[in-house]
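Colleague: Below is structure-v1.cif; it holds mmCIF, C-alpha atoms.
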```
data_final
loop_
_atom_site.label_atom_id
_atom_site.label_comp_id
_atom_site.auth_asym_id
_atom_site.auth_seq_id
_atom_site.Cartn_x
_atom_site.Cartn_y
_atom_site.Cartn_z
CA MET S 1 14.78 43.60 29.58
CA PRO S 2 15.65 43.02 25.88
CA ILE S 3 13.08 41.36 23.63
CA GLY S 4 13.83 37.66 23.23
CA SER S 5 15.16 37.15 26.74
CA ARG S 6 13.73 36.43 30.15
CA GLU S 7 15.11 36.55 33.62
CA GLU S 8 16.43 33.18 34.67
CA ALA S 9 14.47 31.44 37.42
CA PRO S 10 16.33 31.48 40.75
CA ARG S 11 17.87 28.26 41.95
CA VAL S 12 18.15 26.83 45.43
CA GLN S 13 21.79 26.63 46.55
CA ARG S 14 23.44 25.09 49.62
CA GLU S 15 26.99 25.09 50.85
CA PRO S 16 28.97 21.97 49.77
CA GLY S 17 28.46 19.19 52.28
CA ALA S 18 25.72 21.03 54.16
CA SER S 19 22.85 18.89 55.35
CA MET S 20 19.22 19.78 54.82
CA PRO S 21 17.31 20.28 58.09
CA ILE S 22 14.79 17.57 58.94
CA GLY S 23 11.30 18.54 57.89
CA SER S 24 12.41 20.95 55.14
CA LEU S 25 12.34 18.58 52.13
CA GLU S 26 8.82 19.62 51.18
CA GLU S 27 9.75 23.29 51.51
CA ALA S 28 12.87 22.85 49.38
CA HIS S 29 10.83 21.08 46.69
CA ARG S 30 8.36 23.94 46.69
CA VAL S 31 11.12 26.56 46.38
CA GLN S 32 12.71 24.65 43.49
CA THR S 33 9.54 23.97 41.51
CA GLU S 34 7.53 27.18 41.97
CA PRO S 35 9.90 29.43 39.94
CA ARG S 36 9.97 26.82 37.16
CA ALA S 37 6.20 26.40 37.32
CA SER S 38 5.76 30.13 36.75
CA MET S 39 7.77 29.97 33.51
CA PRO S 40 5.64 30.30 30.35
CA ILE S 41 4.38 27.64 27.97
CA GLY S 42 5.67 28.07 24.42
CA VAL S 43 3.34 27.39 21.48
CA PHE S 44 4.07 27.72 17.77
CA ASP S 45 2.40 27.23 14.41
CA SER S 46 3.13 27.94 10.76
CA GLY S 47 0.78 30.92 10.98
CA LEU S 48 -2.37 32.02 12.75
CA GLY S 49 -4.10 28.62 13.05
CA GLY S 50 -2.28 27.75 16.27
CA LEU S 51 -4.23 30.49 18.02
CA THR S 52 -7.08 27.96 18.17
CA VAL S 53 -4.82 25.73 20.29
CA LEU S 54 -3.45 28.64 22.33
CA SER S 55 -6.98 29.80 23.10
CA GLU S 56 -7.95 26.34 24.35
CA ILE S 57 -4.81 26.11 26.48
CA HIS S 58 -5.69 29.52 27.96
CA ARG S 59 -9.20 28.26 28.75
CA VAL S 60 -8.08 24.98 30.34
CA LEU S 61 -5.01 26.48 32.09
CA PRO S 62 -6.04 30.06 32.93
CA HIS S 63 -3.14 30.66 35.34
CA GLU S 64 -0.39 29.88 32.82
CA ASN S 65 1.86 32.43 31.16
CA LEU S 66 1.84 31.87 27.38
CA VAL S 67 4.24 32.71 24.56
CA TYR S 68 3.13 32.12 20.96
CA PHE S 69 5.05 32.31 17.71
CA GLY S 70 3.23 32.33 14.36
CA ASP S 71 5.48 31.94 11.31
CA THR S 72 3.25 34.16 9.16
CA ALA S 73 6.09 35.11 6.81
CA ARG S 74 6.69 31.49 5.75
CA VAL S 75 3.19 29.98 5.91
CA PRO S 76 2.07 27.46 4.68
CA TYR S 77 4.32 24.59 5.78
CA GLY S 78 2.24 21.89 4.10
CA ASN S 79 3.79 22.28 0.64
CA LYS S 80 7.41 22.42 1.85
CA SER S 81 10.00 19.66 2.16
CA SER S 82 10.55 17.82 5.44
CA THR S 83 14.06 19.30 5.61
CA THR S 84 12.70 22.84 5.42
CA ILE S 85 9.94 22.13 7.97
CA ILE S 86 12.51 20.73 10.42
CA ARG S 87 14.77 23.75 9.93
CA TYR S 88 11.93 26.22 10.49
CA SER S 89 10.78 24.29 13.58
CA ARG S 90 14.26 24.24 15.09
CA GLU S 91 14.66 27.97 14.54
CA ILE S 92 11.37 28.71 16.27
CA THR S 93 12.15 26.30 19.09
CA LYS S 94 15.43 28.12 19.77
CA PHE S 95 13.49 31.40 19.91
CA LEU S 96 11.00 29.95 22.41
CA LEU S 97 13.79 28.50 24.55
CA LYS S 98 15.22 32.02 24.81
CA GLN S 99 11.89 33.00 26.36
CA ASN S 100 12.68 30.48 29.13
CA VAL S 101 9.62 28.31 28.47
CA LYS S 102 8.90 25.21 30.57
CA ALA S 103 7.13 23.24 27.80
CA ILE S 104 6.57 23.56 24.05
CA VAL S 105 3.38 22.74 22.17
CA VAL S 106 3.84 22.26 18.42
CA ALA S 107 0.44 23.57 17.32
CA CYS S 108 1.03 22.65 13.69
CA ASN S 109 0.16 19.27 12.24
CA THR S 110 2.84 19.42 9.55
CA ALA S 111 5.57 20.30 12.06
CA SER S 112 4.18 17.67 14.44
CA SER S 113 4.48 15.14 11.62
CA TYR S 114 8.10 15.84 10.75
CA ALA S 115 9.88 17.83 13.45
CA LEU S 116 9.01 16.54 16.94
CA GLU S 117 12.15 14.44 17.33
CA ALA S 118 14.36 17.22 15.96
CA ILE S 119 12.84 19.62 18.48
CA ARG S 120 13.29 17.18 21.36
CA GLU S 121 16.98 16.94 20.50
CA LEU S 122 17.30 20.64 21.38
CA THR S 123 15.83 20.52 24.87
CA GLU S 124 14.89 18.36 27.83
CA ILE S 125 11.64 20.20 28.54
CA PRO S 126 8.37 18.51 27.46
CA VAL S 127 7.49 18.84 23.76
CA LEU S 128 3.91 18.02 22.78
CA GLY S 129 2.45 17.68 19.28
CA VAL S 130 -1.21 17.83 18.21
CA ILE S 131 -1.60 14.55 16.30
CA ASP S 132 -1.71 11.94 19.08
CA PRO S 133 -4.30 13.91 21.12
CA ALA S 134 -6.62 14.10 18.08
CA VAL S 135 -6.21 10.43 17.25
CA ARG S 136 -6.87 9.37 20.85
CA SER S 137 -10.06 11.44 20.77
CA LEU S 138 -11.17 9.63 17.61
CA ILE S 139 -10.47 6.23 19.19
CA VAL S 140 -12.52 7.13 22.27
CA ARG S 141 -15.46 8.66 20.38
CA ALA S 142 -15.79 6.52 17.25
CA PRO S 143 -16.69 2.82 16.97
CA GLN S 144 -13.81 0.62 15.84
CA SER S 145 -15.69 -0.02 12.59
CA ALA S 146 -16.18 3.68 11.79
CA ILE S 147 -14.85 5.36 8.66
CA ALA S 148 -13.02 8.58 9.52
CA GLY S 149 -12.02 11.28 7.09
CA LEU S 150 -8.81 13.22 7.48
CA ILE S 151 -8.36 16.64 5.93
CA ALA S 152 -4.87 18.09 6.15
CA THR S 153 -2.03 19.66 4.19
CA LYS S 154 -0.19 17.66 1.56
CA GLY S 155 2.80 17.38 3.89
CA THR S 156 0.85 15.98 6.82
CA ILE S 157 -0.90 13.38 4.66
CA ALA S 158 2.34 12.38 2.90
CA SER S 159 3.92 11.72 6.31
CA ALA S 160 1.21 9.13 7.20
CA SER S 161 1.54 10.40 10.77
CA TYR S 162 -2.17 9.98 11.54
CA GLU S 163 -2.15 6.38 10.33
CA SER S 164 0.97 5.70 12.40
CA SER S 165 -0.60 7.27 15.49
CA LEU S 166 -3.81 5.28 14.99
CA GLY S 167 -1.88 2.02 14.93
CA ARG S 168 0.36 3.04 17.84
CA ASN S 169 -2.67 3.87 19.99
CA GLY S 170 -4.58 0.68 19.13
CA GLY S 171 -7.26 2.22 16.90
CA LYS S 172 -9.00 0.13 14.23
CA GLN S 173 -10.97 2.88 12.48
CA LYS S 174 -10.48 3.26 8.74
CA LEU S 175 -8.90 6.55 7.67
CA VAL S 176 -9.69 8.17 4.32
CA ALA S 177 -7.28 11.06 3.73
CA GLN S 178 -7.94 14.16 1.63
CA PRO S 179 -5.21 16.76 1.04
CA CYS S 180 -6.53 20.33 1.09
CA PRO S 181 -3.71 22.60 -0.10
CA LEU S 182 -5.85 25.69 -0.72
CA LEU S 183 -7.49 25.95 2.71
CA VAL S 184 -4.60 27.40 4.72
CA PRO S 185 -3.91 30.24 2.23
CA LEU S 186 -7.63 31.04 2.12
CA ILE S 187 -7.84 31.21 5.90
CA GLU S 188 -4.61 33.20 6.26
CA GLU S 189 -5.90 35.74 3.74
CA GLY S 190 -9.22 36.16 5.55
CA TYR S 191 -11.50 34.24 3.15
CA ALA S 192 -12.62 31.52 5.58
CA SER S 193 -16.30 32.50 5.31
CA SER S 194 -16.39 33.31 1.60
CA LYS S 195 -18.37 31.65 -1.20
CA ALA S 196 -15.04 30.65 -2.72
CA ALA S 197 -14.15 28.77 0.48
CA ASP S 198 -17.51 26.95 0.35
CA LEU S 199 -16.89 25.81 -3.23
CA ILE S 200 -13.39 24.59 -2.42
CA LEU S 201 -14.62 22.81 0.71
CA GLN S 202 -17.27 21.00 -1.29
CA ASP S 203 -14.66 19.94 -3.83
CA TYR S 204 -12.50 18.48 -1.06
CA LEU S 205 -15.23 17.00 1.16
CA GLU S 206 -17.69 15.54 -1.34
CA PRO S 207 -15.49 12.46 -2.03
CA LEU S 208 -15.30 11.83 1.73
CA ALA S 209 -19.07 12.07 2.07
CA LYS S 210 -19.49 9.57 -0.77
CA SER S 211 -17.03 7.24 0.98
CA GLY S 212 -19.31 6.96 4.00
CA VAL S 213 -17.24 9.12 6.33
CA GLU S 214 -18.89 9.68 9.71
CA TYR S 215 -16.08 11.36 11.66
CA LEU S 216 -13.84 14.08 10.27
CA LEU S 217 -10.40 14.77 11.72
CA LEU S 218 -9.39 18.40 11.29
CA GLY S 219 -5.73 17.67 10.57
CA CYS S 220 -4.59 21.29 10.60
CA THR S 221 -4.98 23.84 13.40
CA HIS S 222 -6.24 26.39 10.85
CA TYR S 223 -9.30 24.28 10.10
CA PRO S 224 -11.34 25.05 13.25
CA LEU S 225 -11.70 28.52 11.71
CA ILE S 226 -13.84 26.95 8.96
CA ALA S 227 -15.54 24.37 11.21
CA GLU S 228 -18.92 26.15 11.08
CA SER S 229 -18.84 26.10 7.28
CA ILE S 230 -18.07 22.37 7.31
CA ARG S 231 -20.95 21.70 9.73
CA ARG S 232 -23.30 23.73 7.55
CA LEU S 233 -22.29 21.95 4.34
CA TYR S 234 -21.90 18.44 5.82
CA PRO S 235 -23.95 18.12 9.02
CA GLN S 236 -23.47 14.32 8.95
CA PHE S 237 -19.80 14.68 9.92
CA THR S 238 -18.75 14.58 13.57
CA LEU S 239 -15.75 16.91 13.71
CA ILE S 240 -12.69 16.07 15.78
CA ASP S 241 -10.39 18.98 16.59
CA SER S 242 -7.10 18.45 18.41
CA ALA S 243 -7.13 21.76 20.33
CA ALA S 244 -9.18 20.67 23.35
CA GLU S 245 -7.48 17.27 23.58
CA THR S 246 -4.03 18.87 23.33
CA ALA S 247 -4.84 21.33 26.12
CA THR S 248 -6.10 18.52 28.36
CA THR S 249 -3.00 16.42 27.62
CA LEU S 250 -0.78 19.39 28.44
CA GLN S 251 -2.64 19.97 31.71
CA LYS S 252 -2.03 16.37 32.82
CA LEU S 253 1.63 16.54 31.75
CA LEU S 254 2.26 19.68 33.81
CA ARG S 255 0.30 18.37 36.80
CA ASP S 256 2.28 15.12 36.83
CA ALA S 257 5.53 17.11 36.72
CA ASP S 258 4.30 19.47 39.48
CA LEU S 259 4.64 22.39 37.06
CA LEU S 260 1.15 23.92 37.09
CA ALA S 261 1.34 27.69 37.50
CA LYS S 262 -0.70 29.63 40.06
CA SER S 263 -0.33 33.10 38.61
CA GLU S 264 -3.29 35.39 39.26
CA ARG S 265 -2.21 37.75 36.46
CA PRO S 266 -0.80 35.52 33.72
CA SER S 267 0.69 37.07 30.60
CA VAL S 268 0.01 36.33 26.93
CA GLU S 269 2.73 37.25 24.44
CA LEU S 270 2.26 36.87 20.68
CA TYR S 271 5.13 36.99 18.20
CA VAL S 272 4.93 36.70 14.42
CA SER S 273 7.48 36.63 11.62
CA ASP S 274 5.31 39.05 9.61
CA MET S 275 2.52 41.31 10.86
CA THR S 276 -0.63 40.45 8.90
CA GLU S 277 -4.13 41.88 9.12
CA SER S 278 -5.61 38.40 9.60
CA MET S 279 -3.37 37.87 12.62
CA ARG S 280 -4.47 41.19 14.08
CA ASN S 281 -8.12 40.23 13.62
CA LEU S 282 -7.72 36.79 15.22
CA LYS S 283 -5.77 38.28 18.11
CA GLU S 284 -8.84 40.37 18.89
CA LEU S 285 -11.19 37.43 18.36
CA PHE S 286 -9.38 35.08 20.74
CA PHE S 287 -7.51 37.39 23.13
CA ALA S 288 -9.20 40.79 23.12
CA GLY S 289 -7.70 42.85 25.94
CA LYS S 290 -5.56 39.94 27.20
CA VAL S 291 -2.38 40.32 25.13
CA ASP S 292 0.64 41.83 26.88
CA ARG S 293 2.93 41.85 23.84
CA PHE S 294 2.23 41.55 20.11
CA GLU S 295 5.12 42.15 17.74
CA VAL S 296 7.36 40.88 14.97
CA ALA S 297 10.34 38.72 15.93
CA GLN S 298 13.06 37.36 13.69
CA VAL S 299 13.99 33.71 14.14
CA SER S 300 16.13 33.24 11.03
CA GLU S 301 18.95 35.17 9.39
CA GLU S 302 17.17 34.61 6.07
CA MET S 303 14.09 36.55 7.12
#
```
Translate this file's structure into structure tokens.

Modeller:
Amino acid sequence: MPIGSREEAPRVQREPGASMPIGSLEEAHRVQTEPRASMPIGVFDSGLGGLTVLSEIHRVLPHENLVYFGDTARVPYGNKSSTTIIRYSREITKFLLKQNVKAIVVACNTASSYALEAIRELTEIPVLGVIDPAVRSLIVRAPQSAIAGLIATKGTIASASYESSLGRNGGKQKLVAQPCPLLVPLIEEGYASSKAADLILQDYLEPLAKSGVEYLLLGCTHYPLIAESIRRLYPQFTLIDSAAETATTLQKLLRDADLLAKSERPSVELYVSDMTESMRNLKELFFAGKVDRFEVAQVSEEM
């Protein structure tokens, strides 16, 4: 089968005007939903950070087939215009739809901030972002009077998407936002545990500590890769990462739609727009021995 395509799920067909035998409605529903349930979940990010979300989805939903796309050739998204982010997201969505996915998780805060509606215009399958799950976790865990810090890309913070989500979900916590434009390039280049990363983290986080921040929202899926450094430097912060909440939200969404897979040998396919050493290393860290396909795929004529 050519790369970028999947066999279409079979459909139940009946002769025009034929009646369904009494007692077979449940069986017909099972026949219709099981092939769709076995279709993969599509996940994408601007680079390698979304592997933190993919790994959590794999843990919570171990029977699901997974397809991931990391836009490593065009990372980071956080310093790009909303028009460009939407275009990139639509291109990747079209690629994932060619893989016959049953749901799409936008494992990128910047794309979740700007492109969700544009993605939903392309498909009727469920599309889930990572911002609302993180905000709902903050609302549940933090007192209404708490001061929460938000570290994210410039693009995510400029969108005010976390503030909008907080209001939409009834949260009263105060958000203090800090753009961190250097963190994604550092992580992508493999310097997450370096002394340079520590110095940059302190430069970004010290103002939040002085503001009385108690809870820290990791507003980028790359940031869990430096979570241990943050805990070491600022043990007073309670970190909130969207990965676990997103996976749990996805699980409920698929269960409600009767689309949970039951595969005993699920597949994991990883695609990137550029093969980087950091991506190779994280593939081994999160999915050692579990990846069925790992290769470069083109989603744009410009690449």

Colleague: Could you check which of S:Lys154, S:Lys290, S:Arg136, S:Arg141 is closest to Asn169 in chain S, using all atoms listed in the file?

Modeller: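 Among S:Lys154, S:Lys290, S:Arg136, S:Arg141, it is S:Arg136 that comes nearest to Asn169 in chain S.
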
Colleague: Can you list, as a list in words, the residues that the PyMOL selection byres ((chain S and resi 65-74) around 7) selects here?

Modeller: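 Those residues are Met39, Pro40, Ile41, Gly42, Val43, Phe44, Asp45, Ser46, Gly47, Leu48, His63, Glu64, Val75, Pro76, Pro266, Ser267, Val268, Glu269, Leu270, Tyr271, Val272, Ser273 and Asp274 of chain S.
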
Colleague: Taking the file as shown, find all residues satisfying the PyMOL selection byres ((chain S and resi 206-221) around 7) and write them as a compact mmCIF listing (two decimals) with C-alpha atoms, in the frame of the given file.

Modeller:
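The result, stored in selection-v6.txt:
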```
# COMPACT_ATOMS: atom_id res chain seq x y z
CA GLY S 49 -4.10 28.62 13.05
CA GLY S 50 -2.28 27.75 16.27
CA THR S 52 -7.08 27.96 18.17
CA ALA S 107 0.44 23.57 17.32
CA CYS S 108 1.03 22.65 13.69
CA ASN S 109 0.16 19.27 12.24
CA ALA S 146 -16.18 3.68 11.79
CA ILE S 147 -14.85 5.36 8.66
CA ALA S 148 -13.02 8.58 9.52
CA GLY S 149 -12.02 11.28 7.09
CA LEU S 150 -8.81 13.22 7.48
CA ILE S 151 -8.36 16.64 5.93
CA ALA S 152 -4.87 18.09 6.15
CA GLN S 202 -17.27 21.00 -1.29
CA ASP S 203 -14.66 19.94 -3.83
CA TYR S 204 -12.50 18.48 -1.06
CA LEU S 205 -15.23 17.00 1.16
CA HIS S 222 -6.24 26.39 10.85
CA TYR S 223 -9.30 24.28 10.10
CA PRO S 224 -11.34 25.05 13.25
CA GLN S 236 -23.47 14.32 8.95
CA PHE S 237 -19.80 14.68 9.92
CA THR S 238 -18.75 14.58 13.57
CA LEU S 239 -15.75 16.91 13.71
CA ILE S 240 -12.69 16.07 15.78
CA ASP S 241 -10.39 18.98 16.59
```

Colleague: Just how far from CA of Ser81 in chain S is CA of Glu56 in chain S, in Å to one decimal?

Modeller: 29.3 Å

Colleague: If you measure from CA of Thr249 in chain S to CA of Leu61 in chain S, what distance in Å do you get, rounded to one decimal?

Modeller: 11.2 Å
